[in-house]
Amino acid sequence: MRSENIVLNEILPSSVKWSKIIKRGQTIQLKALGENASLSAMFYNASNVAERFNSADTVKIQWNAFLNKNNVLFSEMGRVLFAITQDTTDGLFDTLAGISNPRIIKENFKEEATYDSCRNAYYKSDRENFLIELGKYGLGKKDMIPALNLFRKVDVKGGSNLELNPRYAKKGDVIELTALMDVLLILSNTPHVMDKTGVYNPSDIEISIFESVAFKDEDYADFSDEAKRGFQNTNRYFV
Amino acid sequence: MSKNIENAVYNEKILSGLPWSGVVKKGQTFRIVDLEGCQAVDTLFYNANNFDEKYSPTDTIREQRSIFITTGTKLISSDDNVMMEIVKDSCGNHDTLGGHCSAESNSVRFGLDKKYMHSCRDNYLTLVGELEMSPKDITNNINFFMNVPVNEDGHLAIEDGISKKGDYVEMVALMDTLVLISNCPQLNNPCNGYNPTPIQLIIWDK
């Protein structure tokens, strides 16, 4: 489902935000460059931002609160924004816990790390990162959605209790997302909102975007019937 | 003041499949009654004075460390404020993960030919249109009385309801709260026992 030709390669440093429109047929690879990777993502149909990632539909339609390779990320329009086409982390995704805000950062990382004391190493929260990056597209609070967290997972214990899974991605682990439409992707490279280690040190992430390829029917072979209908709906959108 | 039907300031029956909106003022108590049992009541909450502040499913379940809504749950807003607190619940638990049905998700879940059935998202879009809100204000709602167990491996399914005839959930508003409800019309799964039924909505002053 993807080309070998990289059209963009860059490093996303610890704690910062990033955004780009990933074009239909392109694949974005996110590689953990350390042992403490943790990203949060919000994403939208770039041509109609009222269509956006819907975590509820994504887990309900695929019968699982957790995500893995060959799952898809649905919008509320029954269409696929991204397919998860590679995942060497064995399922380090989280749709349940959401994002951090300044209050939570202060509680989770006791020491004060302000711009005044730390300059650009200050402890940023997801909320600030997303609001800033959304603003660049004319978007704002209304566009803050239940996020997809990557490289960390939250378990549901005993049928109801939320616990941050202690497992981290290994250095060099990759997650690849193939765009089924032009997707506005916003990333925030911050500790997971439930991370209570007290160490604010999310790993750098290497971002590679592979050039667009046309979709073929065999690309969908390993996906569920529900995902296939999502691909069908998405393809019809582009007729 | 003891709460009974005579001293309620609002008391209406909402038929199956209908949308409803109303404001529960700070200090008022809001009760949703599942009149016949096994109904799903898709519900969203907003700061009545600023729709940009809305119920946040992720903040609500993370702060209480549980995916279910029941007595003691505080409904947290997208601005980190408590909007409502659940004070009584005769059912047991209520879903936060499943969201609402839509024409488009029905087409993916149940077949492309299921697109033109009535859905909760149609109800929400009607309400946000009438109230001059934005479709962007719609988020993952609470499904009162809907039963969605989650296994250790993450498997999740909408299963037969566990609410009985007359079960109710009651909450107190900590801010003036706009409530949007879709009394779920889904006919393709057991969220409402394949038989959508009416609910009763009751509000009492402090």
# chains A, B, ... in the order shown; residues from 1 in each chain; ligands from 1
>>> select_by_dssp(residues="chain B", states="alpha helix (DSSP H)", output="ChimeraX atom specification")
/B:57-64,103-110,120-130
>>> residues_around(residues="Gly158 in chain A", least_positions_apart="4", cutoff="9 Å", atoms="only C-alpha atoms", output="mmCIF file with N, CA and C atoms, in the first residue's frame")
data_model
loop_
_atom_site.group_PDB
_atom_site.id
_atom_site.type_symbol
_atom_site.label_atom_id
_atom_site.label_comp_id
_atom_site.auth_asym_id
_atom_site.auth_seq_id
_atom_site.Cartn_x
_atom_site.Cartn_y
_atom_site.Cartn_z
ATOM 1 N N VAL B 150 -16.625 -4.140 28.128
ATOM 2 C CA VAL B 150 -15.313 -4.182 27.468
ATOM 3 C C VAL B 150 -14.465 -5.268 28.146
ATOM 4 N N ASN B 151 -13.925 -6.173 27.341
ATOM 5 C CA ASN B 151 -13.078 -7.247 27.869
ATOM 6 C C ASN B 151 -11.635 -6.774 28.023
ATOM 7 N N GLU B 152 -10.816 -7.607 28.702
ATOM 8 C CA GLU B 152 -9.391 -7.264 28.892
ATOM 9 C C GLU B 152 -8.671 -7.097 27.557
#
>>> residues_around(residues="range 20-22 of chain A", least_positions_apart="2", cutoff="12 Å", atoms="only C-alpha atoms", output="MDAnalysis selection string")
chainID A and resid 7:8 17:18 24:29 41:47 49 81:82 133:134 136:137 177:187 207:212
>>> write_last_selection(atoms="N, CA and C atoms", output="short mmCIF file (atom, residue, chain, number, x, y, z; two decimals), in the first residue's frame")
data_model
loop_
_atom_site.label_atom_id
_atom_site.label_comp_id
_atom_site.auth_asym_id
_atom_site.auth_seq_id
_atom_site.Cartn_x
_atom_site.Cartn_y
_atom_site.Cartn_z
N VAL A 7 9.14 11.48 0.43
CA VAL A 7 9.04 12.85 -0.09
C VAL A 7 9.28 13.88 0.99
N LEU A 8 9.26 13.45 2.24
CA LEU A 8 9.58 14.38 3.33
C LEU A 8 10.12 13.60 4.50
N LYS A 17 4.89 20.66 18.74
CA LYS A 17 3.72 20.32 17.92
C LYS A 17 4.08 20.41 16.46
N TRP A 18 3.22 19.80 15.64
CA TRP A 18 3.55 19.67 14.21
C TRP A 18 2.24 19.49 13.46
N ARG A 24 -4.03 11.97 0.01
CA ARG A 24 -4.61 10.65 -0.27
C ARG A 24 -3.58 9.77 -0.97
N GLY A 25 -3.36 8.60 -0.45
CA GLY A 25 -2.40 7.66 -1.04
C GLY A 25 -1.01 7.75 -0.42
N GLN A 26 -0.72 8.85 0.27
CA GLN A 26 0.56 8.94 0.97
C GLN A 26 0.51 8.15 2.28
N THR A 27 1.69 7.72 2.72
CA THR A 27 1.81 7.05 4.02
C THR A 27 2.76 7.86 4.88
N ILE A 28 2.35 8.10 6.12
CA ILE A 28 3.25 8.75 7.07
C ILE A 28 3.77 7.70 8.04
N GLN A 29 5.10 7.67 8.18
CA GLN A 29 5.73 6.77 9.14
C GLN A 29 6.23 7.58 10.32
N ALA A 41 -2.56 12.78 18.65
CA ALA A 41 -2.93 13.19 17.29
C ALA A 41 -4.40 13.57 17.22
N MET A 42 -4.68 14.65 16.49
CA MET A 42 -6.04 14.98 16.07
C MET A 42 -5.98 15.14 14.55
N PHE A 43 -7.02 14.67 13.85
CA PHE A 43 -6.94 14.74 12.38
C PHE A 43 -8.32 14.83 11.75
N TYR A 44 -8.30 15.43 10.54
CA TYR A 44 -9.51 15.94 9.90
C TYR A 44 -9.43 15.71 8.40
N ASN A 45 -10.58 15.64 7.75
CA ASN A 45 -10.61 15.72 6.30
C ASN A 45 -10.15 17.13 5.93
N ALA A 46 -9.03 17.22 5.22
CA ALA A 46 -8.45 18.54 4.94
C ALA A 46 -9.36 19.40 4.07
N SER A 47 -10.26 18.75 3.30
CA SER A 47 -11.14 19.49 2.40
C SER A 47 -12.44 19.90 3.08
N VAL A 49 -13.20 20.24 7.19
CA VAL A 49 -12.74 19.91 8.54
C VAL A 49 -13.90 19.57 9.49
N LEU A 81 -10.17 7.85 7.35
CA LEU A 81 -9.14 8.89 7.25
C LEU A 81 -7.79 8.24 7.05
N PHE A 82 -7.42 7.36 7.98
CA PHE A 82 -6.16 6.63 7.90
C PHE A 82 -6.41 5.14 8.08
N GLU A 133 -1.63 24.92 17.10
CA GLU A 133 -1.51 24.36 15.75
C GLU A 133 -2.84 24.43 15.00
N LEU A 134 -3.96 24.20 15.70
CA LEU A 134 -5.28 24.31 15.07
C LEU A 134 -5.51 25.74 14.59
N LYS A 136 -3.62 27.78 13.29
CA LYS A 136 -2.97 28.08 12.02
C LYS A 136 -3.84 27.73 10.81
N TYR A 137 -4.86 26.93 11.06
CA TYR A 137 -5.79 26.54 9.98
C TYR A 137 -7.15 27.20 10.19
N LEU A 177 0.73 5.15 8.96
CA LEU A 177 -0.66 5.47 8.68
C LEU A 177 -0.78 5.85 7.22
N THR A 178 -1.63 5.16 6.49
CA THR A 178 -1.85 5.48 5.08
C THR A 178 -3.12 6.31 4.96
N ALA A 179 -3.01 7.45 4.29
CA ALA A 179 -4.15 8.38 4.18
C ALA A 179 -5.08 7.93 3.05
N LEU A 180 -6.37 7.80 3.38
CA LEU A 180 -7.37 7.44 2.36
C LEU A 180 -8.04 8.67 1.78
N MET A 181 -7.81 9.81 2.41
CA MET A 181 -8.23 11.11 1.85
C MET A 181 -7.16 12.10 2.26
N ASP A 182 -7.23 13.33 1.75
CA ASP A 182 -6.28 14.34 2.21
C ASP A 182 -6.61 14.64 3.66
N VAL A 183 -5.66 14.36 4.54
CA VAL A 183 -5.91 14.45 5.98
C VAL A 183 -5.06 15.55 6.59
N LEU A 184 -5.71 16.48 7.28
CA LEU A 184 -4.97 17.43 8.10
C LEU A 184 -4.63 16.74 9.41
N LEU A 185 -3.33 16.53 9.64
CA LEU A 185 -2.86 15.80 10.82
C LEU A 185 -2.13 16.77 11.75
N ILE A 186 -2.54 16.78 13.01
CA ILE A 186 -1.87 17.60 14.03
C ILE A 186 -1.28 16.67 15.08
N LEU A 187 -0.01 16.86 15.38
CA LEU A 187 0.67 16.02 16.37
C LEU A 187 1.19 16.87 17.52
N ILE A 207 9.80 11.59 11.36
CA ILE A 207 8.63 11.57 10.48
C ILE A 207 9.10 11.36 9.04
N SER A 208 8.56 10.34 8.39
CA SER A 208 8.83 10.16 6.97
C SER A 208 7.48 10.06 6.25
N ILE A 209 7.37 10.79 5.15
CA ILE A 209 6.16 10.67 4.33
C ILE A 209 6.56 10.04 3.01
N PHE A 210 5.85 8.98 2.64
CA PHE A 210 6.12 8.25 1.40
C PHE A 210 5.17 8.74 0.32
N GLU A 211 5.67 8.81 -0.88
CA GLU A 211 4.88 9.42 -1.96
C GLU A 211 3.59 8.64 -2.23
N SER A 212 2.65 9.35 -2.77
CA SER A 212 1.30 8.80 -2.97
C SER A 212 1.30 7.66 -3.98
#
>>> residues_around(residues="Gly34 in chain A", least_positions_apart="5", cutoff="8 Å", atoms="only C-alpha atoms", output="number ranges by chain")
A: 170-172, 203-204
>>> residues_around(residues="Lys124 in chain A", least_positions_apart="6", cutoff="8 Å", atoms="only C-alpha atoms", output="list in words")
Ser15, Val16, Pro102, Ile105 and Thr190 of chain A
>>> select_by_dssp(residues="range 1-199 of chain B", states="strand (DSSP E or B)", output="mmCIF file with C-alpha atoms, in the first residue's frame")
data_model
loop_
_atom_site.group_PDB
_atom_site.id
_atom_site.type_symbol
_atom_site.label_atom_id
_atom_site.label_comp_id
_atom_site.auth_asym_id
_atom_site.auth_seq_id
_atom_site.Cartn_x
_atom_site.Cartn_y
_atom_site.Cartn_z
ATOM 1 C CA TYR B 10 -40.524 20.224 34.014
ATOM 2 C CA ASN B 11 -42.015 16.822 33.310
ATOM 3 C CA GLU B 12 -42.363 15.520 29.761
ATOM 4 C CA LYS B 13 -42.562 12.196 27.996
ATOM 5 C CA ILE B 14 -40.316 11.956 24.916
ATOM 6 C CA PRO B 19 -34.550 14.762 19.620
ATOM 7 C CA TRP B 20 -34.867 16.925 22.746
ATOM 8 C CA SER B 21 -33.012 19.921 24.086
ATOM 9 C CA GLY B 22 -33.329 21.880 27.297
ATOM 10 C CA VAL B 23 -31.366 23.870 29.836
ATOM 11 C CA VAL B 24 -30.826 22.538 33.342
ATOM 12 C CA THR B 29 -31.809 18.218 39.355
ATOM 13 C CA PHE B 30 -32.388 16.404 36.064
ATOM 14 C CA ARG B 31 -33.836 12.894 35.909
ATOM 15 C CA ILE B 32 -34.038 10.610 32.869
ATOM 16 C CA VAL B 33 -36.459 7.704 33.233
ATOM 17 C CA ASP B 34 -36.286 4.618 31.023
ATOM 18 C CA VAL B 41 -30.625 7.689 25.592
ATOM 19 C CA ASP B 42 -27.827 9.442 23.702
ATOM 20 C CA THR B 43 -26.972 12.597 25.638
ATOM 21 C CA LEU B 44 -24.606 15.560 25.217
ATOM 22 C CA PHE B 45 -23.953 18.489 27.582
ATOM 23 C CA TYR B 46 -22.823 22.085 26.967
ATOM 24 C CA ASN B 47 -22.212 25.176 29.028
ATOM 25 C CA ASN B 50 -20.852 29.108 25.886
ATOM 26 C CA PHE B 51 -21.317 26.098 23.618
ATOM 27 C CA ASP B 52 -17.556 25.889 23.045
ATOM 28 C CA GLU B 53 -17.386 24.322 26.493
ATOM 29 C CA LYS B 54 -18.858 20.849 26.244
ATOM 30 C CA TYR B 55 -18.928 17.458 27.917
ATOM 31 C CA SER B 66 -13.529 4.228 34.914
ATOM 32 C CA ILE B 69 -21.093 6.604 34.278
ATOM 33 C CA LYS B 74 -18.637 14.012 37.685
ATOM 34 C CA LEU B 75 -19.173 15.018 34.071
ATOM 35 C CA ILE B 76 -16.072 17.029 33.155
ATOM 36 C CA SER B 77 -16.089 19.682 30.446
ATOM 37 C CA VAL B 82 -17.483 19.911 36.477
ATOM 38 C CA MET B 83 -20.770 20.302 34.594
ATOM 39 C CA MET B 84 -22.984 17.727 36.287
ATOM 40 C CA GLU B 85 -22.707 15.171 39.053
ATOM 41 C CA ILE B 86 -24.645 11.919 38.962
ATOM 42 C CA VAL B 87 -26.455 11.555 42.293
ATOM 43 C CA LYS B 88 -28.760 8.575 41.736
ATOM 44 C CA ASP B 89 -28.680 5.636 39.367
ATOM 45 C CA HIS B 94 -24.000 3.774 31.425
ATOM 46 C CA ASP B 95 -21.829 3.754 28.298
ATOM 47 C CA ILE B 142 -23.070 9.373 26.920
ATOM 48 C CA ASN B 143 -25.483 6.547 26.242
ATOM 49 C CA PHE B 144 -27.634 6.318 29.325
ATOM 50 C CA ASN B 147 -24.823 -1.743 27.907
ATOM 51 C CA VAL B 150 -15.313 -4.182 27.468
ATOM 52 C CA HIS B 155 -13.323 -6.512 22.701
ATOM 53 C CA LEU B 156 -16.377 -4.340 22.910
ATOM 54 C CA GLU B 159 -25.202 -5.972 24.190
ATOM 55 C CA ASP B 167 -35.026 2.679 35.906
ATOM 56 C CA TYR B 168 -33.702 6.215 36.146
ATOM 57 C CA VAL B 169 -30.560 8.259 36.428
ATOM 58 C CA GLU B 170 -30.472 11.598 38.213
ATOM 59 C CA MET B 171 -27.900 14.381 38.064
ATOM 60 C CA VAL B 172 -27.376 17.808 39.594
ATOM 61 C CA ALA B 173 -26.123 20.697 37.441
ATOM 62 C CA THR B 177 -26.130 23.176 31.246
ATOM 63 C CA LEU B 178 -27.685 22.735 27.841
ATOM 64 C CA VAL B 179 -28.660 19.093 27.346
ATOM 65 C CA LEU B 180 -29.135 17.538 23.909
ATOM 66 C CA ILE B 181 -30.815 14.143 23.756
ATOM 67 C CA SER B 182 -31.513 11.715 20.970
ATOM 68 C CA ASN B 183 -33.933 9.030 22.147
ATOM 69 C CA ILE B 199 -38.476 8.166 28.115
#
>>> atom_distance(atom1="CA of Lys31 in chain A", atom2="CA of Pro146 in chain A")
22.9 Å
>>> closest_residue(among="A:Leu164, A:Val174, A:Ala97, A:Val193", to="Ile205 in chain A", atoms="only C-alpha atoms")
A:Val174
>>> closest_residue(among="B:Cys101, B:Arg121, B:Met175, B:Asn141", to="Ser56 in chain B", atoms="only C-alpha atoms")
B:Asn141
>>> interface_residues(of="chain B", to="chain A", cutoff="8 Å", atoms="only C-alpha atoms", output="PyMOL selection string")
chain B and resi 52+56-59+61-62+65-68+97-100+102+104-109+111-112+135-137+139-140+149-157
>>> residues_around(residues="Gly37 in chain B", least_positions_apart="6", cutoff="9 Å", atoms="only C-alpha atoms", output="ChimeraX atom specification")
/B:145,161-167,192-193,197
>>> write_last_selection(atoms="N, CA and C atoms", output="CSV table (one decimal), in the first residue's frame")
chain,number,residue,atom,x,y,z
B,145,PHE,N,-28.3,4.1,29.9
B,145,PHE,CA,-29.0,2.8,29.9
B,145,PHE,C,-28.5,1.8,28.8
B,161,GLY,N,-29.6,-4.6,26.8
B,161,GLY,CA,-29.7,-3.7,27.9
B,161,GLY,C,-29.9,-4.4,29.2
B,162,ILE,N,-29.5,-3.7,30.3
B,162,ILE,CA,-29.7,-4.3,31.6
B,162,ILE,C,-30.7,-3.4,32.4
B,163,SER,N,-31.2,-2.3,31.8
B,163,SER,CA,-32.1,-1.4,32.5
B,163,SER,C,-33.5,-2.0,32.5
B,164,LYS,N,-34.2,-1.9,33.7
B,164,LYS,CA,-35.5,-2.4,33.8
B,164,LYS,C,-36.5,-1.3,33.6
B,165,LYS,N,-37.8,-1.6,33.4
B,165,LYS,CA,-38.9,-0.7,33.3
B,165,LYS,C,-38.8,0.3,34.5
B,166,GLY,N,-38.8,1.6,34.2
B,166,GLY,CA,-38.8,2.6,35.3
B,166,GLY,C,-37.4,2.9,35.9
B,167,ASP,N,-36.4,2.3,35.4
B,167,ASP,CA,-35.0,2.7,35.9
B,167,ASP,C,-34.8,4.1,35.6
B,192,ASN,N,-31.2,-0.9,22.2
B,192,ASN,CA,-32.5,-0.6,22.8
B,192,ASN,C,-33.5,-1.8,22.6
B,193,GLY,N,-32.9,-3.0,22.6
B,193,GLY,CA,-33.7,-4.2,22.5
B,193,GLY,C,-34.5,-4.3,21.2
B,197,THR,N,-38.2,2.9,22.7
B,197,THR,CA,-39.4,3.2,23.5
B,197,THR,C,-39.3,4.6,24.1
>>> closest_residue(among="B:Thr70, B:Ser78, B:Ser119, B:Ser2", to="Asn188 in chain B", atoms="only C-alpha atoms")
B:Ser119
>>> atom_distance(atom1="CA of Leu150 in chain A", atom2="CA of Ser38 in chain A")
6.0 Å
>>> atom_distance(atom1="CA of Thr88 in chain A", atom2="CA of Leu12 in chain A")
19.2 Å
